[in-house]
$ cat input_34.cif   # mmCIF, C-alpha atoms
data_coords
loop_
_atom_site.group_PDB
_atom_site.id
_atom_site.type_symbol
_atom_site.label_atom_id
_atom_site.label_comp_id
_atom_site.auth_asym_id
_atom_site.auth_seq_id
_atom_site.Cartn_x
_atom_site.Cartn_y
_atom_site.Cartn_z
ATOM 1 C CA MET A 1 56.584 66.195 30.150
ATOM 2 C CA ALA A 2 53.960 63.576 29.615
ATOM 3 C CA VAL A 3 51.115 64.637 27.395
ATOM 4 C CA HIS A 4 47.670 63.146 27.872
ATOM 5 C CA THR A 5 46.630 61.559 24.638
ATOM 6 C CA PRO A 6 42.929 60.716 24.584
ATOM 7 C CA VAL A 7 42.955 57.727 22.284
ATOM 8 C CA THR A 8 39.592 56.942 20.769
ATOM 9 C CA ASP A 9 37.896 53.678 21.416
ATOM 10 C CA GLY A 10 37.973 51.263 18.475
ATOM 11 C CA HIS A 11 34.212 51.162 18.724
ATOM 12 C CA ASP A 12 32.282 53.326 16.329
ATOM 13 C CA ASP A 13 28.771 53.944 17.581
ATOM 14 C CA HIS A 14 27.343 55.131 14.301
ATOM 15 C CA GLY A 15 29.661 53.586 11.768
ATOM 16 C CA HIS A 16 30.679 56.980 10.390
ATOM 17 C CA GLY A 17 33.861 57.674 12.276
ATOM 18 C CA ALA A 18 32.158 59.144 15.341
ATOM 19 C CA ALA A 19 34.459 57.249 17.709
ATOM 20 C CA HIS A 20 34.724 58.535 21.275
ATOM 21 C CA ALA A 21 37.750 59.089 23.508
ATOM 22 C CA THR A 22 38.458 56.754 26.433
ATOM 23 C CA SER A 23 39.711 57.897 29.830
ATOM 24 C CA THR A 24 42.548 55.344 29.836
ATOM 25 C CA GLY A 25 43.716 56.112 26.323
ATOM 26 C CA LEU A 26 43.147 52.449 25.493
ATOM 27 C CA SER A 27 40.382 50.669 23.661
ATOM 28 C CA ASN A 28 37.521 49.767 26.017
ATOM 29 C CA ASN A 29 36.683 46.725 23.876
ATOM 30 C CA LYS A 30 40.188 45.378 24.238
ATOM 31 C CA MET A 31 40.211 46.134 27.950
ATOM 32 C CA ALA A 32 36.957 44.192 28.348
ATOM 33 C CA MET A 33 38.348 41.246 26.379
ATOM 34 C CA TRP A 34 41.489 41.040 28.570
ATOM 35 C CA LEU A 35 39.323 41.283 31.704
ATOM 36 C CA PHE A 36 37.148 38.460 30.370
ATOM 37 C CA LEU A 37 40.217 36.319 29.604
ATOM 38 C CA GLY A 38 41.598 36.980 33.102
ATOM 39 C CA SER A 39 38.312 35.748 34.584
ATOM 40 C CA GLU A 40 38.382 32.695 32.298
ATOM 41 C CA CYS A 41 41.655 31.699 34.002
ATOM 42 C CA LEU A 42 39.613 31.164 37.179
ATOM 43 C CA LEU A 43 37.035 29.025 35.356
ATOM 44 C CA PHE A 44 39.621 26.727 33.776
ATOM 45 C CA GLY A 45 41.727 26.766 36.956
ATOM 46 C CA GLY A 46 38.764 25.312 38.829
ATOM 47 C CA LEU A 47 38.172 22.621 36.213
ATOM 48 C CA ILE A 48 41.867 21.664 36.000
ATOM 49 C CA SER A 49 42.195 21.516 39.825
ATOM 50 C CA THR A 50 39.113 19.314 40.094
ATOM 51 C CA TYR A 51 40.553 16.973 37.487
ATOM 52 C CA MET A 52 43.911 16.852 39.301
ATOM 53 C CA LEU A 53 42.109 15.961 42.510
ATOM 54 C CA TYR A 54 40.031 13.168 40.993
ATOM 55 C CA ARG A 55 42.278 11.732 38.305
ATOM 56 C CA GLY A 56 43.237 8.801 40.522
ATOM 57 C CA ARG A 57 39.606 7.891 41.326
ATOM 58 C CA HIS A 58 38.829 5.272 38.683
ATOM 59 C CA PRO A 59 38.529 1.496 38.198
ATOM 60 C CA ALA A 60 41.895 -0.251 37.693
ATOM 61 C CA ASP A 61 41.363 -0.881 33.977
ATOM 62 C CA LEU A 62 39.837 2.476 33.000
ATOM 63 C CA GLY A 63 42.330 5.080 34.104
ATOM 64 C CA PRO A 64 44.313 7.746 32.248
ATOM 65 C CA ASP A 65 47.268 5.408 31.665
ATOM 66 C CA GLN A 66 45.050 2.838 29.943
ATOM 67 C CA ILE A 67 42.882 5.005 27.706
ATOM 68 C CA TYR A 68 44.888 8.066 26.637
ATOM 69 C CA ASP A 69 46.307 7.971 23.119
ATOM 70 C CA ILE A 70 49.267 10.347 23.483
ATOM 71 C CA PRO A 71 50.444 10.278 19.812
ATOM 72 C CA PHE A 72 46.916 11.156 18.643
ATOM 73 C CA THR A 73 46.500 13.950 21.208
ATOM 74 C CA SER A 74 49.956 15.289 20.331
ATOM 75 C CA VAL A 75 48.879 15.703 16.708
ATOM 76 C CA SER A 76 45.678 17.468 17.863
ATOM 77 C CA SER A 77 47.759 19.780 20.063
ATOM 78 C CA PHE A 78 50.057 20.566 17.154
ATOM 79 C CA ILE A 79 47.063 21.418 14.938
ATOM 80 C CA LEU A 80 45.644 23.806 17.555
ATOM 81 C CA LEU A 81 49.070 25.381 18.020
ATOM 82 C CA MET A 82 49.368 25.988 14.272
ATOM 83 C CA SER A 83 45.899 27.557 14.276
ATOM 84 C CA SER A 84 47.373 30.219 16.573
ATOM 85 C CA LEU A 85 49.925 30.968 13.846
ATOM 86 C CA THR A 86 47.247 31.342 11.173
ATOM 87 C CA MET A 87 45.206 33.521 13.565
ATOM 88 C CA VAL A 88 48.085 35.910 14.190
ATOM 89 C CA LEU A 89 48.671 36.070 10.418
ATOM 90 C CA ALA A 90 44.986 37.032 10.022
ATOM 91 C CA VAL A 91 45.421 39.814 12.600
ATOM 92 C CA SER A 92 48.547 40.968 10.776
ATOM 93 C CA ALA A 93 46.729 40.998 7.416
ATOM 94 C CA ALA A 94 43.771 42.884 8.942
ATOM 95 C CA SER A 95 46.095 45.570 10.314
ATOM 96 C CA MET A 96 47.409 46.019 6.769
ATOM 97 C CA LYS A 97 43.828 46.249 5.450
ATOM 98 C CA ASP A 98 44.328 43.189 3.249
ATOM 99 C CA ASP A 99 40.796 41.751 3.272
ATOM 100 C CA ARG A 100 41.563 38.812 0.983
ATOM 101 C CA ARG A 101 44.415 37.501 3.128
ATOM 102 C CA THR A 102 42.480 38.241 6.329
ATOM 103 C CA ASN A 103 39.566 36.082 5.170
ATOM 104 C CA LEU A 104 41.928 33.355 3.951
ATOM 105 C CA TRP A 105 43.793 33.070 7.265
ATOM 106 C CA LEU A 106 40.563 33.306 9.295
ATOM 107 C CA THR A 107 39.069 30.455 7.246
ATOM 108 C CA ILE A 108 42.197 28.301 7.637
ATOM 109 C CA THR A 109 42.152 28.987 11.392
ATOM 110 C CA ALA A 110 38.510 27.883 11.577
ATOM 111 C CA LEU A 111 39.316 24.709 9.595
ATOM 112 C CA LEU A 112 42.217 23.843 11.903
ATOM 113 C CA GLY A 113 39.962 24.470 14.899
ATOM 114 C CA ALA A 114 37.280 22.237 13.388
ATOM 115 C CA THR A 115 39.901 19.504 12.868
ATOM 116 C CA PHE A 116 40.840 19.773 16.545
ATOM 117 C CA VAL A 117 37.190 19.533 17.641
ATOM 118 C CA GLY A 118 36.693 16.583 15.270
ATOM 119 C CA GLY A 119 39.655 14.870 16.938
ATOM 120 C CA GLN A 120 38.126 15.516 20.334
ATOM 121 C CA VAL A 121 34.782 14.018 19.233
ATOM 122 C CA TYR A 122 36.661 10.954 17.938
ATOM 123 C CA GLU A 123 38.573 10.698 21.230
ATOM 124 C CA PHE A 124 35.402 10.954 23.338
ATOM 125 C CA THR A 125 33.673 8.357 21.156
ATOM 126 C CA SER A 126 36.542 5.875 21.432
ATOM 127 C CA PHE A 127 36.734 6.363 25.219
ATOM 128 C CA TYR A 128 32.990 5.787 25.501
ATOM 129 C CA ARG A 129 33.263 2.571 23.478
ATOM 130 C CA GLU A 130 35.961 1.407 25.865
ATOM 131 C CA GLY A 131 33.448 1.825 28.674
ATOM 132 C CA LEU A 132 34.374 5.270 30.000
ATOM 133 C CA GLY A 133 31.030 7.077 30.346
ATOM 134 C CA PHE A 134 30.512 10.496 31.900
ATOM 135 C CA THR A 135 29.363 8.981 35.203
ATOM 136 C CA SER A 136 31.681 5.934 35.194
ATOM 137 C CA SER A 137 34.017 7.435 37.786
ATOM 138 C CA LEU A 138 35.088 10.719 39.325
ATOM 139 C CA PHE A 139 38.033 10.663 36.914
ATOM 140 C CA SER A 140 35.796 10.366 33.847
ATOM 141 C CA SER A 141 33.368 13.071 35.043
ATOM 142 C CA SER A 142 36.152 15.565 35.708
ATOM 143 C CA PHE A 143 37.966 14.646 32.466
ATOM 144 C CA TYR A 144 34.902 15.027 30.227
ATOM 145 C CA THR A 145 33.869 18.258 31.982
ATOM 146 C CA LEU A 146 37.309 19.852 31.598
ATOM 147 C CA THR A 147 38.032 18.831 28.018
ATOM 148 C CA GLY A 148 34.368 19.286 27.047
ATOM 149 C CA PHE A 149 34.362 22.874 28.333
ATOM 150 C CA HIS A 150 37.515 23.523 26.331
ATOM 151 C CA GLY A 151 35.948 21.950 23.234
ATOM 152 C CA VAL A 152 32.907 24.223 23.614
ATOM 153 C CA HIS A 153 35.238 27.227 23.781
ATOM 154 C CA VAL A 154 36.960 26.119 20.566
ATOM 155 C CA THR A 155 33.567 25.617 18.907
ATOM 156 C CA VAL A 156 32.439 29.117 19.944
ATOM 157 C CA GLY A 157 35.727 30.417 18.514
ATOM 158 C CA ILE A 158 35.064 28.678 15.186
ATOM 159 C CA ILE A 159 31.594 30.249 15.046
ATOM 160 C CA MET A 160 33.124 33.667 15.765
ATOM 161 C CA LEU A 161 35.743 33.169 13.030
ATOM 162 C CA MET A 162 33.219 32.108 10.404
ATOM 163 C CA ALA A 163 30.866 34.952 11.379
ATOM 164 C CA LEU A 164 33.796 37.357 11.043
ATOM 165 C CA VAL A 165 34.606 36.054 7.548
ATOM 166 C CA GLY A 166 30.939 36.433 6.567
ATOM 167 C CA ILE A 167 30.508 40.008 7.793
ATOM 168 C CA ASN A 168 33.964 40.976 6.499
ATOM 169 C CA LYS A 169 32.955 39.853 2.993
ATOM 170 C CA ARG A 170 29.852 42.044 3.266
ATOM 171 C CA GLY A 171 31.934 44.925 4.623
ATOM 172 C CA ARG A 172 29.751 45.222 7.710
ATOM 173 C CA ILE A 173 32.324 45.036 10.483
ATOM 174 C CA PRO A 174 31.568 47.950 12.832
ATOM 175 C CA GLY A 175 34.285 50.341 14.008
ATOM 176 C CA GLN A 176 37.933 49.486 13.415
ATOM 177 C CA LYS A 177 38.122 46.258 11.430
ATOM 178 C CA ALA A 178 41.651 45.393 12.604
ATOM 179 C CA GLU A 179 40.594 45.647 16.229
ATOM 180 C CA VAL A 180 37.592 43.355 15.758
ATOM 181 C CA VAL A 181 39.850 40.713 14.184
ATOM 182 C CA GLU A 182 42.363 41.200 17.002
ATOM 183 C CA LEU A 183 39.680 40.711 19.692
ATOM 184 C CA VAL A 184 38.583 37.408 18.136
ATOM 185 C CA GLY A 185 42.288 36.542 17.855
ATOM 186 C CA LEU A 186 42.827 37.154 21.570
ATOM 187 C CA TYR A 187 39.998 34.752 22.388
ATOM 188 C CA TRP A 188 41.412 32.148 20.003
ATOM 189 C CA HIS A 189 44.940 32.379 21.414
ATOM 190 C CA PHE A 190 43.538 32.063 24.928
ATOM 191 C CA VAL A 191 41.834 28.814 23.951
ATOM 192 C CA ASP A 192 45.244 27.674 22.679
ATOM 193 C CA VAL A 193 47.146 28.579 25.873
ATOM 194 C CA VAL A 194 44.531 26.752 27.957
ATOM 195 C CA TRP A 195 45.129 23.649 25.833
ATOM 196 C CA ILE A 196 48.905 24.016 26.348
ATOM 197 C CA ILE A 197 48.232 23.585 30.090
ATOM 198 C CA ILE A 198 45.662 20.792 29.647
ATOM 199 C CA PHE A 199 47.931 18.835 27.299
ATOM 200 C CA THR A 200 50.755 18.826 29.852
ATOM 201 C CA LEU A 201 48.864 18.452 33.139
ATOM 202 C CA VAL A 202 46.130 16.086 31.935
ATOM 203 C CA TYR A 203 47.726 14.005 29.187
ATOM 204 C CA LEU A 204 51.502 13.989 29.605
ATOM 205 C CA ILE A 205 51.844 13.802 33.390
ATOM 206 C CA PRO A 206 50.667 10.338 34.418
ATOM 207 C CA SER A 207 48.420 9.820 37.434
ATOM 208 C CA MET B 1 54.086 62.168 18.289
ATOM 209 C CA SER B 2 50.863 61.816 20.202
ATOM 210 C CA THR B 3 48.043 59.625 19.090
ATOM 211 C CA THR B 4 45.754 62.520 18.361
ATOM 212 C CA GLU B 5 48.450 63.983 16.165
ATOM 213 C CA HIS B 6 48.655 60.663 14.349
ATOM 214 C CA GLN B 7 44.966 60.750 13.638
ATOM 215 C CA SER B 8 44.952 64.295 12.363
ATOM 216 C CA ASP B 9 48.209 64.218 10.414
ATOM 217 C CA PRO B 10 47.458 63.472 6.757
ATOM 218 C CA HIS B 11 51.129 62.609 6.106
ATOM 219 C CA VAL B 12 51.127 59.684 8.503
ATOM 220 C CA GLU B 13 50.610 56.335 6.794
ATOM 221 C CA PRO B 14 47.022 55.108 7.269
ATOM 222 C CA HIS B 15 48.364 51.877 8.730
ATOM 223 C CA ALA B 16 50.359 53.619 11.433
ATOM 224 C CA ALA B 17 47.401 55.836 12.258
ATOM 225 C CA ASP B 18 45.163 52.809 12.646
ATOM 226 C CA VAL B 19 47.602 51.161 14.985
ATOM 227 C CA ALA B 20 47.516 54.186 17.235
ATOM 228 C CA HIS B 21 43.733 54.287 16.903
ATOM 229 C CA ASP B 22 43.531 50.738 18.184
ATOM 230 C CA GLY B 23 45.194 51.768 21.411
ATOM 231 C CA HIS B 24 48.464 49.871 21.136
ATOM 232 C CA ALA B 25 51.279 51.233 23.222
ATOM 233 C CA ASP B 26 53.669 51.582 20.329
ATOM 234 C CA GLY B 27 52.099 49.661 17.479
ATOM 235 C CA GLU B 28 55.314 47.706 17.017
ATOM 236 C CA PHE B 29 53.626 44.334 16.540
ATOM 237 C CA ALA B 30 51.824 45.511 13.437
ATOM 238 C CA HIS B 31 55.149 45.965 11.706
ATOM 239 C CA LYS B 32 56.367 42.432 12.393
ATOM 240 C CA PRO B 33 56.694 40.481 9.149
ATOM 241 C CA ASP B 34 54.847 37.184 8.773
ATOM 242 C CA SER B 35 58.185 35.339 8.851
ATOM 243 C CA TYR B 36 58.615 36.510 12.461
ATOM 244 C CA TYR B 37 55.431 34.692 13.504
ATOM 245 C CA VAL B 38 56.383 31.616 11.462
ATOM 246 C CA LYS B 39 59.695 31.428 13.367
ATOM 247 C CA ILE B 40 57.843 31.655 16.687
ATOM 248 C CA ALA B 41 55.479 28.874 15.551
ATOM 249 C CA LEU B 42 58.453 26.688 14.589
ATOM 250 C CA ILE B 43 59.983 27.139 18.038
ATOM 251 C CA LEU B 44 56.614 26.248 19.608
ATOM 252 C CA ALA B 45 56.400 23.151 17.391
ATOM 253 C CA VAL B 46 59.877 22.027 18.502
ATOM 254 C CA ILE B 47 58.929 22.522 22.164
ATOM 255 C CA THR B 48 55.745 20.477 21.603
ATOM 256 C CA ALA B 49 57.852 17.710 20.027
ATOM 257 C CA LEU B 50 60.150 17.799 23.087
ATOM 258 C CA GLU B 51 57.137 17.556 25.400
ATOM 259 C CA THR B 52 55.746 14.606 23.466
ATOM 260 C CA SER B 53 59.130 12.866 23.512
ATOM 261 C CA THR B 54 58.788 12.475 27.300
ATOM 262 C CA TYR B 55 56.154 9.827 26.541
ATOM 263 C CA TRP B 56 58.780 7.570 24.944
ATOM 264 C CA ILE B 57 62.045 8.735 26.513
ATOM 265 C CA ASP B 58 62.710 8.309 30.218
ATOM 266 C CA PHE B 59 63.801 11.658 31.683
ATOM 267 C CA GLY B 60 64.055 10.230 35.202
ATOM 268 C CA ALA B 61 63.925 12.875 37.920
ATOM 269 C CA PHE B 62 63.865 15.627 35.278
ATOM 270 C CA PHE B 63 60.552 14.404 33.825
ATOM 271 C CA LEU B 64 58.168 16.641 35.806
ATOM 272 C CA PRO B 65 60.323 19.818 35.926
ATOM 273 C CA THR B 66 61.052 19.512 32.191
ATOM 274 C CA LEU B 67 57.371 19.263 31.301
ATOM 275 C CA LEU B 68 56.348 22.135 33.581
ATOM 276 C CA ILE B 69 59.122 24.415 32.309
ATOM 277 C CA LEU B 70 58.315 23.650 28.650
ATOM 278 C CA MET B 71 54.619 24.288 29.340
ATOM 279 C CA ALA B 72 55.415 27.641 30.965
ATOM 280 C CA ILE B 73 57.690 28.662 28.063
ATOM 281 C CA LYS B 74 54.969 27.857 25.511
ATOM 282 C CA PHE B 75 52.347 29.702 27.541
ATOM 283 C CA VAL B 76 54.446 32.858 27.881
ATOM 284 C CA MET B 77 55.500 32.768 24.206
ATOM 285 C CA VAL B 78 51.927 32.595 22.942
ATOM 286 C CA ALA B 79 50.684 35.233 25.420
ATOM 287 C CA SER B 80 53.595 37.625 24.823
ATOM 288 C CA LEU B 81 54.171 37.256 21.094
ATOM 289 C CA PHE B 82 50.967 35.958 19.497
ATOM 290 C CA MET B 83 48.644 37.848 21.866
ATOM 291 C CA HIS B 84 51.001 40.849 21.652
ATOM 292 C CA LEU B 85 51.210 41.421 25.418
ATOM 293 C CA LYS B 86 54.912 42.170 24.999
ATOM 294 C CA PHE B 87 54.208 45.054 22.627
ATOM 295 C CA ASP B 88 50.925 46.275 24.076
ATOM 296 C CA SER B 89 49.997 48.411 27.074
ATOM 297 C CA LYS B 90 51.179 46.938 30.381
ATOM 298 C CA ILE B 91 47.636 47.342 31.742
ATOM 299 C CA PHE B 92 46.531 44.393 29.598
ATOM 300 C CA SER B 93 49.372 42.261 30.974
ATOM 301 C CA TRP B 94 48.344 43.185 34.510
ATOM 302 C CA MET B 95 44.723 42.289 33.856
ATOM 303 C CA PHE B 96 45.547 38.913 32.361
ATOM 304 C CA TYR B 97 48.395 37.819 34.617
ATOM 305 C CA SER B 98 46.626 39.003 37.792
ATOM 306 C CA GLY B 99 43.681 36.755 36.829
ATOM 307 C CA LEU B 100 46.088 33.910 36.148
ATOM 308 C CA LEU B 101 48.039 34.375 39.409
ATOM 309 C CA LEU B 102 44.806 34.672 41.387
ATOM 310 C CA ALA B 103 43.630 31.391 39.839
ATOM 311 C CA ILE B 104 46.944 29.665 40.614
ATOM 312 C CA GLY B 105 46.891 30.925 44.228
ATOM 313 C CA VAL B 106 43.262 29.974 44.852
ATOM 314 C CA TYR B 107 43.534 26.505 43.362
ATOM 315 C CA VAL B 108 46.908 25.615 44.878
ATOM 316 C CA ALA B 109 45.322 26.467 48.247
ATOM 317 C CA PHE B 110 42.265 24.411 47.253
ATOM 318 C CA LEU B 111 44.398 21.387 46.345
ATOM 319 C CA ALA B 112 46.488 21.771 49.507
ATOM 320 C CA THR B 113 43.274 21.715 51.559
ATOM 321 C CA PHE B 114 42.508 18.305 50.065
ATOM 322 C CA ARG B 115 46.083 17.142 50.840
ATOM 323 C CA PHE B 116 46.833 16.815 47.118
ATOM 324 C CA PHE B 117 50.531 17.578 47.664
ATOM 325 C CA ALA B 118 50.905 15.259 50.660
ATOM 326 C CA PRO B 119 53.168 12.246 50.026
ATOM 327 C CA THR B 120 51.160 9.061 49.459
#
$ encode --input "input_34.cif" --output "structure tokens"
Amino acid sequence: MAVHTPVTDGHDDHGHGAAHATSTGLSNNKMAMWLFLGSECLLFGGLISTYMLYRGRHPADLGPDQIYDIPFTSVSSFILLMSSLTMVLAVSAASMKDDRRTNLWLTITALLGATFVGGQVYEFTSFYREGLGFTSSLFSSSFYTLTGFHGVHVTVGIIMLMALVGINKRGRIPGQKAEVVELVGLYWHFVDVVWIIIFTLVYLIPS
Amino acid sequence: MSTTEHQSDPHVEPHAADVAHDGHADGEFAHKPDSYYVKIALILAVITALETSTYWIDFGAFFLPTLLILMAIKFVMVASLFMHLKFDSKIFSWMFYSGLLLAIGVYVAFLATFRFFAPT
């Protein structure tokens, strides 16, 4: 016979173990994060579809086949993929209450993310110098909007990671520390899976 | 053993109790060694190398299906293993994949409306 097990939410309202039970038996914070990520699929789906629709609308000499640097983007993709590994190692360390390793892996993840964003800034700059401005064509507008939105998400993730390292060092993470790290991890992995799709559909499949 | 029992039982390891506290279905992922995740990352790296190879190697008619299948494998691996959907409550999988499927349905219809799939 199934027994109802009222699992407490990972959130601690007062910071003294006064956690409350949830009706689903699951963490409300985690539920909210998954709901948010599900809704983000619709945001990126719209941006990717718009790009797919307009990727052929460009001048003859300034299209995807002329400007994309696939070897460079492949390295960037690899870096972001490896940041997912370091993030999951941070979550693993947090679940084992190893603060030193948690902070180390979170910092490495943030550095890898920053390298990816740096690569994206370099890519945008080189495209702009080749004459591909935001309003040059429908292709350029949709490309910059899609990859720019993703870059902003990565940047927000880096800020979250560094903030987490800072408050973890001060021991001020509210509620269950492992869950807070896991929630940031979920966001970070989502940013990675979105790039997996962008890398294939935008960069590898020619127009 | 129920979760509440976990939390009240002083003999349960603190780590196991925390896993239950976090609301995981079975807490299995927390016991995975780091080497497990490194192996997954290596497989993902190999798949990425395969994807990139399509830029230099001509796959002919297999080009598009190969890329789409490799993309889907990477997506599912990260979502299931790194995001722990495989080990966590199925409700989370439903929430995420229903959002994803809704997005795919809406935007495939959107692209079809603009005759994106029509032969040129």
$ residues_around --input "input_34.cif" --residues "region 100-112 of chain B" --least-positions-apart "2" --cutoff "6 Å" --atoms "all atoms listed in the file" --output "PyMOL selection string"
(chain A and resi 41-42+45) or (chain B and resi 97-98+114-116)
$ atom_distance --input "input_34.cif" --atom1 "CA of Thr155 (chain A)" --atom2 "CA of Thr86 (chain A)"
16.7 Å
$ closest_atom_pairs --input "input_34.cif" --of "chain A" --to "chain B" --cutoff "8 Å" --atoms "all atoms listed in the file" --output "tab-separated table"
residue	atom	partner	partner_atom	distance
A:Val3	CA	B:Ser2	CA	7.7
A:Thr5	CA	B:Thr3	CA	6.0
A:Pro6	CA	B:Thr4	CA	7.1
A:Val7	CA	B:Thr3	CA	6.3
A:Thr8	CA	B:His21	CA	6.3
A:Asp9	CA	B:Asp22	CA	7.1
A:Gly10	CA	B:Asp22	CA	5.6
A:Gly25	CA	B:Gly23	CA	6.7
A:Leu26	CA	B:Gly23	CA	4.6
A:Ser27	CA	B:Gly23	CA	5.4
A:Met31	CA	B:Phe92	CA	6.8
A:Trp34	CA	B:Phe96	CA	5.9
A:Leu35	CA	B:Met95	CA	5.9
A:Leu37	CA	B:Phe96	CA	6.5
A:Gly38	CA	B:Gly99	CA	4.3
A:Ser39	CA	B:Gly99	CA	5.9
A:Cys41	CA	B:Leu100	CA	5.4
A:Leu42	CA	B:Ala103	CA	4.8
A:Gly45	CA	B:Ala103	CA	5.8
A:Gly46	CA	B:Tyr107	CA	6.7
A:Ser49	CA	B:Tyr107	CA	6.3
A:Leu53	CA	B:Phe116	CA	6.7
A:Ile70	CA	B:Tyr55	CA	7.6
A:Pro71	CA	B:Thr52	CA	7.8
A:Ser74	CA	B:Thr52	CA	6.6
A:Phe78	CA	B:Ala45	CA	6.9
A:Leu81	CA	B:Ala45	CA	7.7
A:Met82	CA	B:Ala41	CA	6.9
A:Ser84	CA	B:Phe82	CA	7.4
A:Leu85	CA	B:Ala41	CA	6.2
A:Val88	CA	B:Phe82	CA	6.0
A:Leu89	CA	B:Asp34	CA	6.5
A:Ser92	CA	B:Ala30	CA	6.2
A:Ser95	CA	B:Ala30	CA	6.5
A:Met96	CA	B:His15	CA	6.3
A:Lys97	CA	B:His15	CA	7.9
A:Gln176	CA	B:Asp22	CA	7.5
A:Ala178	CA	B:Asp22	CA	8.0
A:Glu179	CA	B:Asp22	CA	6.2
A:Gly185	CA	B:Met83	CA	7.6
A:Leu186	CA	B:Met83	CA	5.9
A:His189	CA	B:Met83	CA	6.6
A:Phe190	CA	B:Ala79	CA	7.8
A:Val193	CA	B:Phe75	CA	5.6
A:Ile196	CA	B:Met71	CA	6.5
A:Ile197	CA	B:Met71	CA	6.5
A:Thr200	CA	B:Met71	CA	6.7
A:Leu204	CA	B:Tyr55	CA	7.0
A:Ile205	CA	B:Leu64	CA	7.3
$ residues_around --input "input_34.cif" --residues "Ser141 (chain A)" --least-positions-apart "5" --cutoff "10 Å" --atoms "all atoms listed in the file" --output "PyMOL selection string"
chain A and resi 50-51+54-55+132-136+146
$ residues_around --input "input_34.cif" --residues "His58 (chain A)" --least-positions-apart "5" --cutoff "6 Å" --atoms "all atoms listed in the file" --output "JSON, numbers by chain"
{"A": [63, 137, 139]}
$ resolve_selection --input "input_34.cif" --expression "the PyMOL selection byres ((chain A and resi 65) around 10)" --output "number ranges by chain"
A: 60-64, 66-70, 203-207
$ residues_around --input "input_34.cif" --residues "Asn168 (chain A)" --least-positions-apart "6" --cutoff "9 Å" --atoms "only C-alpha atoms" --output "PyMOL selection string"
chain A and resi 99+102-103+177
$ closest_residue --input "input_34.cif" --among "A:Leu138, A:Val180, A:Ile198, A:Ala94" --to "Pro59 (chain A)" --atoms "all atoms listed in the file"
A:Leu138
$ atom_distance --input "input_34.cif" --atom1 "CA of Tyr122 (chain A)" --atom2 "CA of Trp188 (chain A)"
21.8 Å
$ closest_residue --input "input_34.cif" --among "A:Val91, A:Phe199, A:Glu130, A:Ser142" --to "Leu161 (chain A)" --atoms "all atoms listed in the file"
A:Val91
